[in-house]
$ cat my_file.json   # JSON, C-alpha atoms and all ligand atoms
[["chain", "number", "residue", "atom", "x", "y", "z"],
["N", 1, "MET", "CA", 109.47, 83.97, 103.46],
["N", 2, "PHE", "CA", 110.28, 86.89, 105.82],
["N", 3, "PRO", "CA", 112.04, 89.21, 106.17],
["N", 4, "LEU", "CA", 111.62, 91.10, 102.92],
["N", 5, "ILE", "CA", 114.69, 93.25, 102.42],
["N", 6, "ALA", "CA", 114.74, 96.18, 100.02],
["N", 7, "GLU", "CA", 118.16, 97.67, 99.41],
["N", 8, "ASN", "CA", 119.02, 100.88, 97.65],
["N", 9, "LEU", "CA", 115.69, 100.81, 95.80],
["N", 10, "VAL", "CA", 115.48, 103.39, 93.00],
["N", 11, "VAL", "CA", 112.67, 103.84, 90.43],
["N", 12, "GLU", "CA", 112.68, 106.15, 87.43],
["N", 13, "PHE", "CA", 110.05, 106.81, 84.77],
["N", 14, "ASN", "CA", 111.39, 107.96, 81.41],
["N", 15, "GLY", "CA", 114.63, 109.09, 83.02],
["N", 16, "LYS", "CA", 112.81, 111.05, 85.74],
["N", 17, "HIS", "CA", 113.65, 110.13, 89.33],
["N", 18, "ILE", "CA", 110.49, 108.95, 91.15],
["N", 19, "LEU", "CA", 111.55, 106.94, 94.17],
["N", 20, "GLY", "CA", 114.52, 106.26, 96.39],
["N", 21, "PRO", "CA", 117.11, 105.35, 97.25],
["N", 22, "ILE", "CA", 115.17, 103.40, 99.89],
["N", 23, "ASP", "CA", 116.36, 100.75, 102.33],
["N", 24, "LEU", "CA", 113.59, 98.91, 104.11],
["N", 25, "THR", "CA", 112.99, 95.65, 105.96],
["N", 26, "VAL", "CA", 109.55, 94.09, 106.35],
["N", 27, "ASN", "CA", 109.23, 91.52, 109.14],
["N", 28, "LYS", "CA", 106.52, 88.96, 109.68],
["N", 29, "GLY", "CA", 103.51, 90.48, 111.46],
["N", 30, "ASP", "CA", 104.35, 94.10, 110.57],
["N", 31, "ILE", "CA", 101.38, 96.37, 109.90],
["N", 32, "SER", "CA", 102.94, 99.30, 108.10],
["N", 33, "LEU", "CA", 101.03, 102.23, 106.69],
["N", 34, "ILE", "CA", 102.53, 104.56, 104.13],
["N", 35, "LEU", "CA", 101.58, 108.20, 104.47],
["N", 36, "GLY", "CA", 102.63, 111.03, 102.19],
["N", 37, "PRO", "CA", 101.30, 113.74, 99.87],
["N", 38, "ASN", "CA", 99.86, 112.93, 96.44],
["N", 39, "GLY", "CA", 102.59, 111.93, 94.04],
["N", 40, "SER", "CA", 105.09, 111.16, 96.82],
["N", 41, "GLY", "CA", 105.58, 107.61, 95.50],
["N", 42, "LYS", "CA", 103.31, 105.50, 97.72],
["N", 43, "THR", "CA", 101.86, 103.42, 94.88],
["N", 44, "THR", "CA", 105.29, 103.07, 93.28],
["N", 45, "LEU", "CA", 106.81, 101.82, 96.55],
["N", 46, "LEU", "CA", 104.03, 99.26, 97.07],
["N", 47, "LYS", "CA", 104.34, 97.94, 93.52],
["N", 48, "SER", "CA", 108.13, 97.80, 93.82],
["N", 49, "LEU", "CA", 107.98, 95.74, 97.01],
["N", 50, "HIS", "CA", 105.41, 93.43, 95.43],
["N", 51, "GLY", "CA", 107.80, 92.90, 92.54],
["N", 52, "ILE", "CA", 105.76, 94.36, 89.69],
["N", 53, "MET", "CA", 107.78, 97.54, 89.11],
["N", 54, "LYS", "CA", 110.94, 97.79, 87.05],
["N", 55, "LEU", "CA", 113.73, 99.01, 89.30],
["N", 56, "LYS", "CA", 116.39, 101.38, 88.10],
["N", 57, "ARG", "CA", 118.72, 100.25, 90.87],
["N", 58, "GLY", "CA", 118.69, 98.13, 94.01],
["N", 59, "SER", "CA", 117.05, 94.89, 94.96],
["N", 60, "ILE", "CA", 114.03, 93.37, 96.66],
["N", 61, "LYS", "CA", 114.73, 90.04, 98.29],
["N", 62, "TRP", "CA", 112.42, 87.63, 100.03],
["N", 63, "SER", "CA", 113.91, 84.90, 102.18],
["N", 64, "CYS", "CA", 112.65, 82.30, 99.70],
["N", 65, "SER", "CA", 112.46, 81.90, 95.93],
["N", 66, "ASN", "CA", 110.57, 84.54, 93.92],
["N", 67, "ASN", "CA", 108.26, 81.89, 92.66],
["N", 68, "SER", "CA", 107.09, 80.79, 96.05],
["N", 69, "SER", "CA", 106.90, 84.36, 97.44],
["N", 70, "MET", "CA", 104.60, 85.40, 94.57],
["N", 71, "LYS", "CA", 102.12, 82.69, 95.53],
["N", 72, "LYS", "CA", 101.99, 83.90, 99.13],
["N", 73, "GLN", "CA", 101.46, 87.62, 98.55],
["N", 74, "MET", "CA", 98.46, 89.55, 97.27],
["N", 75, "PHE", "CA", 98.00, 93.11, 96.03],
["N", 76, "VAL", "CA", 94.72, 95.02, 96.26],
["N", 77, "PHE", "CA", 94.74, 97.88, 93.76],
["N", 78, "GLN", "CA", 93.20, 101.27, 94.43],
["N", 79, "THR", "CA", 90.66, 100.72, 91.65],
["N", 80, "PRO", "CA", 89.93, 97.01, 91.80],
["N", 81, "ILE", "CA", 89.63, 95.11, 88.55],
["N", 82, "MET", "CA", 86.72, 92.68, 88.69],
["N", 83, "LEU", "CA", 86.55, 89.52, 86.61],
["N", 84, "ARG", "CA", 83.55, 89.63, 84.26],
["N", 85, "ARG", "CA", 82.03, 86.81, 86.26],
["N", 86, "SER", "CA", 79.70, 86.52, 89.23],
["N", 87, "VAL", "CA", 80.63, 87.79, 92.69],
["N", 88, "PHE", "CA", 80.87, 84.15, 93.80],
["N", 89, "GLU", "CA", 83.18, 83.16, 90.93],
["N", 90, "ASN", "CA", 85.43, 86.13, 91.68],
["N", 91, "LEU", "CA", 85.98, 84.51, 95.08],
["N", 92, "THR", "CA", 86.54, 80.93, 93.87],
["N", 93, "TYR", "CA", 88.88, 82.03, 91.05],
["N", 94, "PRO", "CA", 92.09, 82.65, 93.06],
["N", 95, "LEU", "CA", 91.56, 79.35, 94.88],
["N", 96, "LEU", "CA", 91.02, 77.29, 91.74],
["N", 97, "LEU", "CA", 94.09, 78.98, 90.25],
["N", 98, "ARG", "CA", 96.01, 77.59, 93.22],
["N", 99, "LYS", "CA", 94.62, 74.10, 92.64],
["N", 100, "VAL", "CA", 92.35, 74.16, 95.68],
["N", 101, "SER", "CA", 89.60, 71.53, 95.24],
["N", 102, "ASN", "CA", 86.23, 72.60, 93.89],
["N", 103, "SER", "CA", 84.42, 71.68, 97.08],
["N", 104, "LYS", "CA", 86.82, 73.59, 99.33],
["N", 105, "ALA", "CA", 86.74, 76.64, 97.03],
["N", 106, "HIS", "CA", 82.96, 76.51, 97.15],
["N", 107, "ARG", "CA", 82.91, 76.28, 100.93],
["N", 108, "LEU", "CA", 85.35, 79.18, 101.41],
["N", 109, "ALA", "CA", 83.59, 81.41, 98.88],
["N", 110, "THR", "CA", 80.28, 80.74, 100.66],
["N", 111, "GLU", "CA", 81.85, 81.85, 103.96],
["N", 112, "TRP", "CA", 83.42, 84.96, 102.47],
["N", 113, "VAL", "CA", 80.42, 86.15, 100.49],
["N", 114, "GLU", "CA", 78.56, 86.16, 103.80],
["N", 115, "LYS", "CA", 81.38, 87.92, 105.67],
["N", 116, "ILE", "CA", 81.39, 90.82, 103.19],
["N", 117, "GLY", "CA", 77.60, 91.09, 103.10],
["N", 118, "LEU", "CA", 77.17, 90.22, 99.41],
["N", 119, "LYS", "CA", 75.38, 86.90, 99.80],
["N", 120, "GLU", "CA", 72.10, 88.17, 98.38],
["N", 121, "ILE", "CA", 73.77, 89.31, 95.19],
["N", 122, "MET", "CA", 76.43, 86.63, 94.84],
["N", 123, "HIS", "CA", 75.17, 85.53, 91.43],
["N", 124, "ILE", "CA", 75.22, 88.92, 89.72],
["N", 125, "SER", "CA", 78.19, 90.05, 87.66],
["N", 126, "ALA", "CA", 80.89, 91.63, 89.84],
["N", 127, "THR", "CA", 81.20, 94.44, 87.29],
["N", 128, "ARG", "CA", 77.76, 95.69, 88.40],
["N", 129, "LEU", "CA", 78.77, 96.26, 92.04],
["N", 130, "SER", "CA", 79.16, 99.70, 93.62],
["N", 131, "GLY", "CA", 82.64, 101.07, 94.36],
["N", 132, "GLY", "CA", 82.50, 100.04, 98.02],
["N", 133, "GLU", "CA", 81.21, 96.55, 97.20],
["N", 134, "LYS", "CA", 83.95, 96.09, 94.61],
["N", 135, "GLN", "CA", 86.57, 97.12, 97.14],
["N", 136, "LYS", "CA", 85.23, 94.65, 99.73],
["N", 137, "LEU", "CA", 85.14, 91.89, 97.12],
["N", 138, "ALA", "CA", 88.70, 92.70, 96.02],
["N", 139, "LEU", "CA", 89.87, 92.45, 99.62],
["N", 140, "ALA", "CA", 87.99, 89.18, 100.22],
["N", 141, "ARG", "CA", 89.42, 87.77, 96.99],
["N", 142, "ALA", "CA", 92.89, 88.53, 98.34],
["N", 143, "LEU", "CA", 92.27, 87.27, 101.87],
["N", 144, "ILE", "CA", 90.56, 84.06, 100.80],
["N", 145, "ILE", "CA", 93.91, 82.48, 99.93],
["N", 146, "GLU", "CA", 95.26, 83.43, 103.41],
["N", 147, "PRO", "CA", 98.23, 85.37, 102.04],
["N", 148, "GLU", "CA", 101.30, 85.81, 104.23],
["N", 149, "MET", "CA", 101.79, 89.31, 102.83],
["N", 150, "LEU", "CA", 99.09, 91.72, 101.75],
["N", 151, "PHE", "CA", 99.72, 94.99, 99.88],
["N", 152, "LEU", "CA", 96.88, 97.50, 99.68],
["N", 153, "ASP", "CA", 96.86, 100.78, 97.80],
["N", 154, "GLU", "CA", 94.46, 103.22, 99.50],
["N", 155, "PRO", "CA", 91.72, 100.61, 99.83],
["N", 156, "SER", "CA", 89.19, 103.01, 101.32],
["N", 157, "ALA", "CA", 89.84, 106.13, 99.25],
["N", 158, "SER", "CA", 86.42, 107.60, 98.33],
["N", 159, "LEU", "CA", 84.45, 105.09, 100.41],
["N", 160, "ASP", "CA", 81.86, 106.01, 103.03],
["N", 161, "GLY", "CA", 82.47, 105.55, 106.77],
["N", 162, "LYS", "CA", 80.50, 102.31, 107.07],
["N", 163, "THR", "CA", 82.41, 100.53, 104.30],
["N", 164, "THR", "CA", 85.71, 101.87, 105.64],
["N", 165, "VAL", "CA", 84.96, 100.35, 109.05],
["N", 166, "GLU", "CA", 84.03, 97.02, 107.42],
["N", 167, "ILE", "CA", 87.29, 96.99, 105.49],
["N", 168, "GLU", "CA", 89.31, 97.90, 108.57],
["N", 169, "ASN", "CA", 87.63, 95.10, 110.54],
["N", 170, "LEU", "CA", 88.52, 92.57, 107.84],
["N", 171, "LEU", "CA", 92.11, 93.79, 107.97],
["N", 172, "LYS", "CA", 92.24, 93.59, 111.76],
["N", 173, "SER", "CA", 90.95, 90.03, 111.75],
["N", 174, "CYS", "CA", 93.48, 88.90, 109.16],
["N", 175, "THR", "CA", 96.37, 90.42, 111.11],
["N", 176, "LYS", "CA", 95.28, 88.31, 114.07],
["N", 177, "ASN", "CA", 95.95, 85.30, 111.85],
["N", 178, "GLY", "CA", 99.47, 86.57, 111.23],
["N", 179, "THR", "CA", 99.10, 88.27, 107.84],
["N", 180, "THR", "CA", 101.69, 90.99, 107.30],
["N", 181, "ILE", "CA", 100.33, 94.22, 105.83],
["N", 182, "MET", "CA", 101.82, 97.10, 103.88],
["N", 183, "MET", "CA", 99.24, 99.68, 102.90],
["N", 184, "SER", "CA", 99.07, 103.27, 101.70],
["N", 185, "THR", "CA", 96.43, 105.68, 102.90],
["N", 186, "HIS", "CA", 95.62, 109.37, 102.69],
["N", 187, "ASP", "CA", 93.71, 109.04, 105.97],
["N", 188, "ILE", "CA", 95.69, 109.95, 109.10],
["N", 189, "GLY", "CA", 92.94, 108.55, 111.36],
["N", 190, "GLN", "CA", 93.13, 105.22, 109.56],
["N", 191, "ALA", "CA", 96.89, 105.13, 110.06],
["N", 192, "LYS", "CA", 96.37, 105.72, 113.81],
["N", 193, "ARG", "CA", 93.71, 103.01, 113.98],
["N", 194, "LEU", "CA", 95.58, 100.29, 112.12],
["N", 195, "ALA", "CA", 99.31, 100.81, 111.92],
["N", 196, "LYS", "CA", 102.07, 99.39, 114.07],
["N", 197, "ASN", "CA", 104.52, 101.53, 112.18],
["N", 198, "ILE", "CA", 104.32, 104.41, 109.77],
["N", 199, "LEU", "CA", 106.39, 105.12, 106.71],
["N", 200, "PHE", "CA", 106.32, 108.76, 105.65],
["N", 201, "LEU", "CA", 107.20, 109.36, 102.02],
["N", 202, "ASN", "CA", 107.85, 112.74, 100.46],
["N", 203, "LYS", "CA", 109.07, 113.28, 96.89],
["N", 204, "GLY", "CA", 110.12, 109.65, 96.69],
["N", 205, "ILE", "CA", 112.21, 109.78, 99.85],
["N", 206, "LEU", "CA", 111.40, 107.73, 102.94],
["N", 207, "GLU", "CA", 111.68, 110.57, 105.45],
["N", 208, "SER", "CA", 110.41, 108.70, 108.54],
["N", 209, "ASN", "CA", 110.02, 105.06, 109.48],
["N", 210, "GLN", "CA", 108.77, 104.92, 113.08],
["N", 211, "LEU", "CA", 106.45, 103.13, 115.45],
["N", 212, "THR", "CA", 102.99, 104.70, 115.21],
["N", 213, "GLU", "CA", 102.94, 106.22, 118.72],
["N", 214, "THR", "CA", 106.38, 107.75, 118.28],
["N", 215, "PHE", "CA", 105.59, 109.01, 114.79],
["N", 216, "PHE", "CA", 102.57, 111.00, 115.95],
["N", 217, "LEU", "CA", 104.37, 112.38, 119.02],
["N", 218, "GLU", "CA", 107.80, 113.08, 117.56],
["N", 219, "PRO", "CA", 108.09, 112.53, 113.82],
["N", 220, "THR", "CA", 111.73, 112.51, 112.73],
["N", 221, "SER", "CA", 110.92, 114.50, 109.59],
["N", 222, "PRO", "CA", 109.79, 118.16, 109.68],
["N", 223, "ASN", "CA", 107.63, 117.47, 106.61],
["N", 224, "ALA", "CA", 105.89, 114.65, 108.47],
["N", 225, "GLN", "CA", 105.16, 117.09, 111.29],
["N", 226, "LYS", "CA", 103.53, 119.45, 108.78],
["N", 227, "PHE", "CA", 101.61, 116.60, 107.20],
["N", 228, "ILE", "CA", 100.22, 115.47, 110.57],
["N", 229, "THR", "CA", 99.01, 118.94, 111.46],
["N", 230, "GLY", "CA", 97.43, 119.43, 108.04],
["N", 231, "GLU", "CA", 99.87, 121.99, 106.68],
["N", 232, "ILE", "CA", 100.85, 121.90, 103.03],
["N", 233, "VAL", "CA", 104.05, 119.93, 102.46],
["N", 234, "GLU", "CA", 106.16, 121.43, 99.69],
["A", 301, "LIG", "N1", 103.48, 105.26, 84.65],
["A", 301, "LIG", "C1", 104.03, 106.43, 85.02],
["A", 301, "LIG", "N2", 104.78, 107.16, 84.15],
["A", 301, "LIG", "C2", 105.36, 108.32, 84.52],
["A", 301, "LIG", "N3", 105.26, 108.85, 85.77],
["A", 301, "LIG", "C3", 104.56, 108.18, 86.67],
["A", 301, "LIG", "C4", 103.89, 106.94, 86.36],
["A", 301, "LIG", "N4", 103.26, 106.50, 87.48],
["A", 301, "LIG", "C5", 103.51, 107.42, 88.45],
["A", 301, "LIG", "N5", 104.29, 108.42, 87.96],
["A", 301, "LIG", "C6", 104.78, 109.57, 88.73],
["A", 301, "LIG", "O1", 105.51, 109.07, 89.83],
["A", 301, "LIG", "C7", 105.31, 109.88, 90.98],
["A", 301, "LIG", "C8", 104.84, 109.01, 92.13],
["A", 301, "LIG", "O2", 103.57, 108.48, 91.81],
["A", 301, "LIG", "P1", 102.76, 107.53, 92.78],
["A", 301, "LIG", "O3", 103.65, 106.42, 93.22],
["A", 301, "LIG", "O4", 101.52, 107.16, 92.07],
["A", 301, "LIG", "O5", 102.47, 108.49, 94.03],
["A", 301, "LIG", "P2", 101.32, 108.40, 95.15],
["A", 301, "LIG", "O6", 100.77, 107.01, 95.11],
["A", 301, "LIG", "O7", 102.02, 108.73, 96.42],
["A", 301, "LIG", "O8", 100.30, 109.44, 94.81],
["A", 301, "LIG", "C9", 104.33, 110.96, 90.57],
["A", 301, "LIG", "O9", 105.06, 112.13, 90.26],
["A", 301, "LIG", "C10", 103.66, 110.40, 89.34],
["A", 301, "LIG", "O10", 103.27, 111.43, 88.48],
["A", 302, "MG", "MG", 98.88, 106.29, 94.82]]

$ encode --input "my_file.json" --output "C-alpha cells" --more "lines below"
Ligand SMILES: Nc1ncnc2c1ncn2[C@@H]1O[C@H](COP(=O)(O)OP(=O)(O)O)[C@@H](O)[C@H]1O
Ligand SMILES: [Mg+2]
Amino acid sequence: MFPLIAENLVVEFNGKHILGPIDLTVNKGDISLILGPNGSGKTTLLKSLHGIMKLKRGSIKWSCSNNSSMKKQMFVFQTPIMLRRSVFENLTYPLLLRKVSNSKAHRLATEWVEKIGLKEIMHISATRLSGGEKQKLALARALIIEPEMLFLDEPSASLDGKTTVEIENLLKSCTKNGTTIMMSTHDIGQAKRLAKNILFLNKGILESNQLTETFFLEPTSPNAQKFITGEIVE
C-alpha cells in the first residue's frame, strides 16, 4: 500500500485558498506529526491524505487500489463520534463490518476494553463516557482492526496528563507493530516524544518537513523557529 504520494495538493473552500500546493510522500513506518498555528490547515491536510476532502488540484495516490487502501486506514477525529451502543459494541463494530467472525470480534474487544481501562463500564452506552474515555475508545476502535495507516487529529487536545500518556503509550505500541502514523498536535512536547519527523504548516503551506531532531535544532522555516520558541507566528 505504501508509499502514499501526494502531488501538487491544493484545497479551496468557497473559492478561498486553504491548503497547498503540497508535495508529500508517506513511507511505511513513518511517524509524522503536523505542527502549526490554529487554522494553518492541519485538519484539512489530514483529511485530504485520508481521501475524504475534495481537492481543487493535485492527487493522492496509494500504491494499491483506493478500495483496498480505504480498508487499511483509519481516522480518529478530534471530537470522536460514538455509536449509540455500548462501549463493547463500539469495539466489535469495525470488526464485524470487516466480516471478522463473531467469536474473534468478541475476543479482541475483550482484550481492548481491558487495555483502555473501560472493562468495568463496557456495557454502558458509549455516549455517556467522559471526553478522555471517548478519545481512548475512539483510538482503540481504530487500532482494533490493526490498520496499516492511522490518521489522528489532535487526539489529546483538552485531555489531562494521565489520559495523554495512556494515549501516547497505545500509539507507541502500535508503531512497534508497524503501523504508520500521521497526526496533528498543538503540543510541542508530544511532537518531541512521538515523532520521527515533523511537518510544519503555516497558512496552508508546508514550510518544513524534517527529522524531529533536526527540526528542533535547525528548523528550515523562520516561522517554525518562532513557533518552537513560543512566539506568535503571523
Ligand atoms: N468547512 C469549511 N469551510 C470553510 N472554511 C473552512 C472549513 N474548514 C476549515 N476551514 C478553514 O480552513 C483553514 C484551515 O482549517 P483547518 O484545516 O481546520 O486548520 P487547523 O486544523 O490547522 O486548525 C481555516 O482558515 C479554516 O477557517
Ligand atoms: Mg484542526

$ residues_around --input "my_file.json" --residues "Gly117 of chain N" --least-positions-apart "3" --cutoff "10 Å" --atoms "only C-alpha atoms" --output "CSV table (one decimal) with C-alpha atoms, in the frame of the given file"
chain,number,residue,atom,x,y,z
N,112,TRP,CA,83.4,85.0,102.5
N,113,VAL,CA,80.4,86.2,100.5
N,114,GLU,CA,78.6,86.2,103.8
N,120,GLU,CA,72.1,88.2,98.4
N,121,ILE,CA,73.8,89.3,95.2
N,122,MET,CA,76.4,86.6,94.8
N,133,GLU,CA,81.2,96.6,97.2
N,136,LYS,CA,85.2,94.6,99.7
N,137,LEU,CA,85.1,91.9,97.1
N,166,GLU,CA,84.0,97.0,107.4

$ closest_residue --input "my_file.json" --among "N:Lys71, N:Lys61, N:Arg141, N:Lys47" --to "Phe88 of chain N" --atoms "all atoms listed in the file"
N:Arg141

$ residues_around --input "my_file.json" --residues "Thr92 of chain N" --least-positions-apart "4" --cutoff "9 Å" --atoms "all atoms listed in the file" --output "count of residues only"
10

$ residues_near_ligand --input "my_file.json" --ligand "ligand LIG 301 (chain A)" --cutoff "12 Å" --atoms "only C-alpha atoms and all ligand atoms" --output "ChimeraX atom specification"
/N:10-20,34-48,53-54,77-78,152-154,157,183-186,199-206

$ atom_distance --input "my_file.json" --atom1 "atom CA of Ala224 of chain N" --atom2 "atom CA of His50 of chain N"
24.9 Å

$ residues_around --input "my_file.json" --residues "Cys64 of chain N" --least-positions-apart "3" --cutoff "9 Å" --atoms "only C-alpha atoms" --output "ChimeraX atom specification"
/N:1-2,61,67-69

$ residues_around --input "my_file.json" --residues "Trp62 of chain N" --least-positions-apart "4" --cutoff "12 Å" --atoms "all atoms listed in the file" --output "compact mmCIF listing (two decimals) with C-alpha atoms, in the frame of the given file"
# COMPACT_ATOMS: atom_id res chain seq x y z
CA MET N 1 109.47 83.97 103.46
CA PHE N 2 110.28 86.89 105.82
CA PRO N 3 112.04 89.21 106.17
CA LEU N 4 111.62 91.10 102.92
CA ILE N 5 114.69 93.25 102.42
CA ALA N 6 114.74 96.18 100.02
CA GLU N 7 118.16 97.67 99.41
CA THR N 25 112.99 95.65 105.96
CA VAL N 26 109.55 94.09 106.35
CA ASN N 27 109.23 91.52 109.14
CA LYS N 28 106.52 88.96 109.68
CA LEU N 49 107.98 95.74 97.01
CA HIS N 50 105.41 93.43 95.43
CA GLY N 51 107.80 92.90 92.54
CA ASN N 66 110.57 84.54 93.92
CA ASN N 67 108.26 81.89 92.66
CA SER N 68 107.09 80.79 96.05
CA SER N 69 106.90 84.36 97.44
CA MET N 70 104.60 85.40 94.57
CA LYS N 72 101.99 83.90 99.13
CA GLN N 73 101.46 87.62 98.55
CA MET N 149 101.79 89.31 102.83

$ closest_residue --input "my_file.json" --among "N:Thr79, N:Thr175, N:Asn209, N:Ser103" --to "ligand MG 302 (chain A)" --atoms "only C-alpha atoms and all ligand atoms"
N:Thr79

$ closest_residue --input "my_file.json" --among "N:Pro21, N:Val76, N:Ala195, N:Asp160" --to "Ala138 of chain N" --atoms "all atoms listed in the file"
N:Val76

$ closest_residue --input "my_file.json" --among "N:Leu129, N:Ile188, N:Leu55, N:Ile181" --to "Pro147 of chain N" --atoms "all atoms listed in the file"
N:Ile181

$ closest_residue --input "my_file.json" --among "N:Ala140, N:Leu211, N:Asn8, N:Lys104" --to "Lys56 of chain N" --atoms "only C-alpha atoms"
N:Asn8

$ closest_residue --input "my_file.json" --among "N:Pro94, N:Pro222, N:Gly58, N:Gly131" --to "Ser158 of chain N" --atoms "all atoms listed in the file"
N:Gly131

$ residues_around --input "my_file.json" --residues "Thr127 of chain N" --least-positions-apart "3" --cutoff "9 Å" --atoms "all atoms listed in the file" --output "list of chain:residue names"
N:Ile81, N:Met82, N:Leu83, N:Arg84, N:Arg85, N:Ser86, N:Val87, N:Ile124, N:Ser130, N:Lys134

$ atom_distance --input "my_file.json" --atom1 "atom CA of Thr110 of chain N" --atom2 "atom CA of Glu168 of chain N"
20.9 Å

$ atom_distance --input "my_file.json" --atom1 "atom CA of Lys196 of chain N" --atom2 "atom CA of Gln210 of chain N"
8.7 Å
